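In what follows, a single structure is set out as structure tokens and then discussed.
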Amino acid sequence: MAYLCVKNSARECDGCGCCNPEPEIVGECAECGDLIYAHEERYDIENELIHKECLTDWARKYEVII
């Protein structure tokens, strides 16, 4: 049994990819430089986007040693 097309239910799926569009890019991580997608957890600190897993490394840059 084949899957039906999302765009045209009168035909079978041909693998065109219309049902899986590219994820939305919201910016670039200030720490690692990789793209950040809309579905990923992230922080927005003073207009810098940071992946959740990059936050600790990013914060180390701003530590003050007295």
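Quick note on naming: the chains in the structure tokens go A, B, ... in the order shown, residues restart at 1 in each chain, and ligands are numbered from 1 in order of appearance.
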Exercise: segment 26-40 of chain A partners within 9 Å, only C-alpha atoms, chain neighbours under 2 positions left out, as a PyMOL selection string: chain A and resi 23-24+42+48-52+54-55+57-58
Backbone-only DSSP, strand (DSSP E) members of chain A, as a PyMOL selection string: chain A and resi 25-28+35-37+42-45+48-51
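Running DSSP on the backbone and keeping only alpha helix (DSSP H), the residues of chain A that qualify are Leu55, Thr56, Asp57, Trp58, Ala59 and Arg60 of chain A.
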Separation of atom CA of Asn20 of chain A from atom CA of Cys5 of chain A in Å: 11.8 Å
